[in-house]
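K.L.:
Following this line is start-v3.csv, made up of CSV, C-alpha atoms:
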chain,number,residue,atom,x,y,z
P,1,PRO,CA,42.4,-2.1,54.2
P,2,ALA,CA,40.7,1.1,53.2
P,3,GLY,CA,41.0,2.6,56.7
P,4,LEU,CA,44.8,2.2,56.4
P,5,ALA,CA,44.8,4.1,53.1
P,6,VAL,CA,42.8,6.9,54.7
P,7,GLU,CA,45.4,7.1,57.6
P,8,ARG,CA,48.3,7.1,55.2
P,9,PHE,CA,46.6,9.9,53.2
P,10,HIS,CA,46.2,12.1,56.2
P,11,LYS,CA,49.7,11.5,57.5
P,12,ALA,CA,51.1,12.3,54.0
P,13,PHE,CA,49.5,15.7,54.2
P,14,GLN,CA,50.9,16.3,57.7
P,15,VAL,CA,54.4,15.8,56.5
P,16,GLY,CA,54.0,17.2,52.9
P,17,ASP,CA,54.7,13.8,51.3
P,18,LYS,CA,53.5,14.5,47.7
P,19,GLU,CA,54.6,11.1,46.4
P,20,THR,CA,52.5,9.2,48.8
P,21,ILE,CA,49.5,11.4,48.2
P,22,ARG,CA,49.8,10.8,44.5
P,23,ALA,CA,50.3,7.1,44.9
P,24,LEU,CA,47.0,6.9,47.0
P,25,LEU,CA,45.0,8.7,44.3
P,26,ALA,CA,43.4,6.8,41.4
P,27,ASP,CA,44.4,8.3,38.1
P,28,ASP,CA,40.9,9.5,37.4
P,29,ALA,CA,40.3,10.8,40.9
P,30,MET,CA,38.1,13.9,41.2
P,31,ILE,CA,39.0,16.4,43.9
P,32,VAL,CA,36.2,18.8,45.0
P,33,GLU,CA,37.3,21.8,47.0
P,34,GLY,CA,35.8,25.0,45.8
P,35,GLY,CA,36.3,23.8,42.3
P,36,ILE,CA,36.9,20.4,40.7
P,37,ASP,CA,40.2,18.8,39.7
P,38,ARG,CA,39.2,16.1,37.3
P,39,SER,CA,42.3,13.8,37.6
P,40,ALA,CA,45.1,13.0,40.1
P,41,ASP,CA,47.7,14.5,37.8
P,42,ILE,CA,45.8,17.8,37.5
P,43,TYR,CA,45.5,18.1,41.3
P,44,VAL,CA,49.1,17.1,42.0
P,45,SER,CA,50.5,19.5,39.4
P,46,GLY,CA,48.3,22.3,40.6
P,47,HIS,CA,46.3,22.7,43.9
P,48,LEU,CA,48.2,20.1,45.9
P,49,LYS,CA,51.2,22.5,46.5
P,50,GLU,CA,48.9,25.1,48.1
P,51,ASP,CA,47.2,22.4,50.2
P,52,ILE,CA,50.5,21.2,51.5
P,53,ILE,CA,51.6,24.7,52.4
P,54,TYR,CA,48.3,25.2,54.2
P,55,PHE,CA,48.7,22.0,56.3
P,56,SER,CA,52.3,23.0,57.2
P,57,HIS,CA,50.9,26.0,59.0
P,58,VAL,CA,48.0,24.4,60.8
P,59,THR,CA,47.3,21.4,63.0
P,60,SER,CA,44.6,19.0,61.9
P,61,THR,CA,43.2,16.6,64.5
P,62,ALA,CA,40.7,14.0,63.4
P,63,LYS,CA,37.8,14.0,65.8
P,64,GLU,CA,35.8,11.3,64.0
P,65,ILE,CA,36.5,8.9,61.2
P,66,ASN,CA,33.9,6.5,59.8
P,67,VAL,CA,34.7,4.0,57.1
P,68,SER,CA,32.0,1.9,55.4
P,69,ILE,CA,32.9,-0.8,52.9
P,70,ILE,CA,30.6,-2.3,50.3
P,71,ASP,CA,32.3,-4.8,48.1
P,72,ASP,CA,35.2,-3.0,46.3
P,73,ILE,CA,34.0,0.6,47.4
P,74,ALA,CA,34.7,2.3,50.7
P,75,ILE,CA,33.4,5.6,51.9
P,76,ALA,CA,35.3,7.4,54.6
P,77,VAL,CA,33.9,10.5,56.3
P,78,THR,CA,36.3,12.4,58.6
P,79,VAL,CA,35.6,15.4,60.8
P,80,SER,CA,38.7,17.2,61.9
P,81,HIS,CA,39.5,20.2,64.0
P,82,VAL,CA,41.9,22.5,62.2
P,83,SER,CA,43.8,25.3,64.1
P,84,GLY,CA,46.8,27.5,63.6
P,85,VAL,CA,47.7,30.6,61.7
P,86,TYR,CA,47.7,30.8,57.9
P,87,LYS,CA,48.4,33.9,55.8
P,88,ASN,CA,48.4,36.0,59.1
P,89,GLU,CA,44.9,34.8,59.9
P,90,GLU,CA,43.8,32.7,62.8
P,91,VAL,CA,42.3,29.3,61.8
P,92,ASP,CA,40.0,27.5,64.2
P,93,GLU,CA,37.4,25.5,62.4
P,94,LEU,CA,35.9,22.1,61.7
P,95,MET,CA,36.8,20.5,58.3
P,96,TYR,CA,34.7,17.8,56.7
P,97,GLU,CA,36.2,15.3,54.3
P,98,THR,CA,34.5,12.6,52.3
P,99,LEU,CA,36.8,10.1,50.5
P,100,VAL,CA,35.5,7.4,48.1
P,101,LEU,CA,38.0,4.6,47.6
P,102,LYS,CA,38.0,1.7,45.2
P,103,ASN,CA,39.8,-1.5,45.6
P,104,SER,CA,41.7,-2.5,42.4
P,105,ASN,CA,43.9,-5.6,42.5
P,106,GLY,CA,44.1,-5.5,46.3
P,107,GLN,CA,45.0,-1.8,46.5
P,108,TRP,CA,42.7,0.9,47.9
P,109,LYS,CA,42.9,4.0,45.8
P,110,ILE,CA,41.1,7.3,46.4
P,111,ALA,CA,38.7,7.9,43.5
P,112,HIS,CA,36.9,11.0,44.9
P,113,ILE,CA,37.6,13.7,47.6
P,114,HIS,CA,35.2,16.3,48.8
P,115,TRP,CA,36.5,18.8,51.4
P,116,SER,CA,34.5,21.6,53.1
P,117,SER,CA,34.8,23.7,56.2
For this file, produce the structure as structure tokens.
P.N.:
Amino acid sequence: PAGLAVERFHKAFQVGDKETIRALLADDAMIVEGGIDRSADIYVSGHLKEDIIYFSHVTSTAKEINVSIIDDIAIAVTVSHVSGVYKNEEVDELMYETLVLKNSNGQWKIAHIHWSS
């Protein structure tokens, strides 16, 4: 289900699994994080590398995950505590994530991501 796709997505970031991240993104996914990447391929070929490096330097622990499903759309809101050292700066903050997933042919794909901290 949609919750499993969210878990797989989070685990893929923890281990730097670019292929799984891409497989979970819909082709037309929009990723909002300071700016907007308007497709999965744009994100994967650009900003993803920096995000994977960031998550290799910090620990992210989900404190709350709520998934709501309406027909073929799921909305997942996650609150995580992120801590560690990145670029010689201490990180200790809450990160907020909203994922919108769509079910297509029995597969949940992430259509929209919004991250903020």
K.L.:
Counting all atoms listed in the file, what is within 12 Å of Gln107 of chain P, bar same-chain residues fewer than 3 positions away, as a ChimeraX atom specification?
P.N.:
/P:1-5,23-26,72-74,101-104,110-111
K.L.:
Smallest atom-to-atom distance to Ser116 of chain P: which of P:Glu50, P:Tyr43, P:Ile31, P:Ala12, using all atoms listed in the file?
P.N.:
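Answer, going by the shortest atom-to-atom distance: P:Ile31.
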K.L.:
So how many Å separate atom CA of Glu7 of chain P and atom CA of Lys87 of chain P, to one decimal?
P.N.:
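Calculated distance between atom CA of Glu7 of chain P and atom CA of Lys87 of chain P is 27.0 Å.
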K.L.:
I'd like to know which of P:Ile65, P:Ile21, P:Val79, P:Leu94 is closest to Asp51 of chain P, using all atoms listed in the file.
P.N.:
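Going through P:Ile65, P:Ile21, P:Val79, P:Leu94 one by one, the smallest distance to Asp51 of chain P is for P:Ile21.
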K.L.:
Hey, can I get the axis-aligned box for segment 13-17 of chain P? All listed atoms, 3 Å padding on each side, centre and edge lengths in Å to one decimal, as JSON.
P.N.:
{"center_x": 52.1, "center_y": 15.5, "center_z": 54.5, "size_x": 11.2, "size_y": 9.4, "size_z": 12.4}
K.L.:
Please identify all polymer residues within 6 Å of Ala29 of chain P, counting only C-alpha atoms, omitting same-chain residues fewer than 4 positions from it, and present them as a ChimeraX atom specification.
P.N.:
/P:39-40,111-112
K.L.:
Identify, on the basis of only C-alpha atoms, every residue whose closest approach to Ile42 of chain P does not exceed 12 Å; exclude the query and any residue fewer than 3 positions from it along the same chain; express the result as number ranges by chain.
P.N.:
P: 22, 25-31, 36-39, 45-49
K.L.:
Please measure the separation of atom CA of Glu33 of chain P and atom CA of Lys109 of chain P, giving the value in Å to one decimal.
P.N.:
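Atom CA of Lys109 of chain P lies 18.7 Å from atom CA of Glu33 of chain P.
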K.L.:
Counting all atoms listed in the file, which of P:Asn88, P:Ser117, P:Thr20, P:Thr78 gets nearest to Glu64 of chain P?
P.N.:
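Once distances to Glu64 of chain P are computed over all atoms listed in the file, the minimum belongs to P:Thr78.
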K.L.:
Which neighbours of Val32 of chain P fall inside 7 Å, counting only C-alpha atoms, when residues of the same chain fewer than 5 positions from it are skipped, and could you give them as a list in words?
P.N.:
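The residues satisfying every condition are Asp37, Ile113, His114 and Trp115 of chain P.
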K.L.:
Work out how far atom CA of Val77 of chain P is from atom CA of Ala62 of chain P, in Å to one decimal.
P.N.:
10.4 Å
K.L.:
Using all atoms listed in the file, which residue out of P:Val82, P:Gly35, P:Asp41, P:Asp71 lies closest to Gln14 of chain P?
P.N.:
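Counting all atoms listed in the file, the residue closest to Gln14 of chain P is P:Val82.
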K.L.:
Go through P:Glu97, P:Asn105, P:Tyr86, P:Ser68 and flag the residue nearest Ile53 of chain P, using all atoms listed in the file for the distances.
P.N.:
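Going through P:Glu97, P:Asn105, P:Tyr86, P:Ser68 one by one, the smallest distance to Ile53 of chain P is for P:Tyr86.
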K.L.:
Please list as number ranges by chain every residue within 6 Å of His81 of chain P, counting all atoms listed in the file and excluding residues in the same chain fewer than 4 positions away.
P.N.:
P: 60-61, 93-94
K.L.:
Just the selected residues (C-alpha atoms), exported as an mmCIF file, in the frame of the given file, please.
P.N.:
data_model
loop_
_atom_site.group_PDB
_atom_site.id
_atom_site.type_symbol
_atom_site.label_atom_id
_atom_site.label_comp_id
_atom_site.auth_asym_id
_atom_site.auth_seq_id
_atom_site.Cartn_x
_atom_site.Cartn_y
_atom_site.Cartn_z
ATOM 1 C CA SER P 60 44.600 19.000 61.900
ATOM 2 C CA THR P 61 43.200 16.600 64.500
ATOM 3 C CA GLU P 93 37.400 25.500 62.400
ATOM 4 C CA LEU P 94 35.900 22.100 61.700
#
K.L.:
Taking only N, CA and C atoms, show segment 56-78 of chain P of the given structure as a JSON list (two decimals), in the first residue's frame.
P.N.:
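Produced file decode-v7.json, reproduced below:
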[["chain", "number", "residue", "atom", "x", "y", "z"],
["P", 56, "SER", "N", 23.50, 11.33, 4.25],
["P", 56, "SER", "CA", 24.58, 10.45, 4.67],
["P", 56, "SER", "C", 25.34, 11.03, 5.87],
["P", 57, "HIS", "N", 25.12, 12.32, 6.16],
["P", 57, "HIS", "CA", 25.80, 12.99, 7.27],
["P", 57, "HIS", "C", 24.91, 13.21, 8.49],
["P", 58, "VAL", "N", 23.64, 12.96, 8.36],
["P", 58, "VAL", "CA", 22.73, 13.19, 9.47],
["P", 58, "VAL", "C", 21.90, 11.93, 9.74],
["P", 59, "THR", "N", 21.27, 11.92, 10.88],
["P", 59, "THR", "CA", 20.33, 10.86, 11.23],
["P", 59, "THR", "C", 18.94, 11.46, 11.20],
["P", 60, "SER", "N", 18.05, 10.81, 10.49],
["P", 60, "SER", "CA", 16.67, 11.27, 10.42],
["P", 60, "SER", "C", 15.78, 10.21, 11.05],
["P", 61, "THR", "N", 15.03, 10.62, 12.08],
["P", 61, "THR", "CA", 14.15, 9.70, 12.80],
["P", 61, "THR", "C", 12.72, 10.20, 12.68],
["P", 62, "ALA", "N", 11.88, 9.39, 12.07],
["P", 62, "ALA", "CA", 10.47, 9.78, 11.93],
["P", 62, "ALA", "C", 9.82, 9.77, 13.31],
["P", 63, "LYS", "N", 9.20, 10.89, 13.66],
["P", 63, "LYS", "CA", 8.49, 11.01, 14.93],
["P", 63, "LYS", "C", 7.00, 10.80, 14.75],
["P", 64, "GLU", "N", 6.53, 11.08, 13.56],
["P", 64, "GLU", "CA", 5.10, 10.97, 13.27],
["P", 64, "GLU", "C", 4.91, 10.77, 11.77],
["P", 65, "ILE", "N", 4.12, 9.79, 11.40],
["P", 65, "ILE", "CA", 3.76, 9.56, 10.00],
["P", 65, "ILE", "C", 2.25, 9.34, 9.95],
["P", 66, "ASN", "N", 1.59, 10.15, 9.15],
["P", 66, "ASN", "CA", 0.14, 10.00, 8.95],
["P", 66, "ASN", "C", -0.11, 9.83, 7.47],
["P", 67, "VAL", "N", -0.81, 8.76, 7.11],
["P", 67, "VAL", "CA", -1.15, 8.49, 5.71],
["P", 67, "VAL", "C", -2.67, 8.44, 5.60],
["P", 68, "SER", "N", -3.22, 9.27, 4.70],
["P", 68, "SER", "CA", -4.65, 9.26, 4.40],
["P", 68, "SER", "C", -4.82, 8.86, 2.95],
["P", 69, "ILE", "N", -5.78, 7.97, 2.70],
["P", 69, "ILE", "CA", -6.01, 7.49, 1.33],
["P", 69, "ILE", "C", -7.45, 7.80, 0.94],
["P", 70, "ILE", "N", -7.59, 8.42, -0.21],
["P", 70, "ILE", "CA", -8.89, 8.69, -0.80],
["P", 70, "ILE", "C", -8.84, 8.17, -2.24],
["P", 71, "ASP", "N", -9.55, 7.08, -2.49],
["P", 71, "ASP", "CA", -9.55, 6.45, -3.81],
["P", 71, "ASP", "C", -8.13, 6.11, -4.24],
["P", 72, "ASP", "N", -7.64, 6.71, -5.33],
["P", 72, "ASP", "CA", -6.30, 6.41, -5.84],
["P", 72, "ASP", "C", -5.26, 7.47, -5.47],
["P", 73, "ILE", "N", -5.57, 8.29, -4.46],
["P", 73, "ILE", "CA", -4.65, 9.33, -4.00],
["P", 73, "ILE", "C", -4.36, 9.11, -2.52],
["P", 74, "ALA", "N", -3.10, 9.23, -2.14],
["P", 74, "ALA", "CA", -2.70, 9.14, -0.73],
["P", 74, "ALA", "C", -1.89, 10.39, -0.39],
["P", 75, "ILE", "N", -2.09, 10.87, 0.82],
["P", 75, "ILE", "CA", -1.33, 12.00, 1.33],
["P", 75, "ILE", "C", -0.62, 11.51, 2.59],
["P", 76, "ALA", "N", 0.70, 11.64, 2.59],
["P", 76, "ALA", "CA", 1.50, 11.21, 3.74],
["P", 76, "ALA", "C", 2.22, 12.43, 4.31],
["P", 77, "VAL", "N", 2.02, 12.66, 5.58],
["P", 77, "VAL", "CA", 2.70, 13.77, 6.27],
["P", 77, "VAL", "C", 3.61, 13.16, 7.32],
["P", 78, "THR", "N", 4.88, 13.50, 7.23],
["P", 78, "THR", "CA", 5.88, 12.97, 8.16],
["P", 78, "THR", "C", 6.58, 14.12, 8.86]]
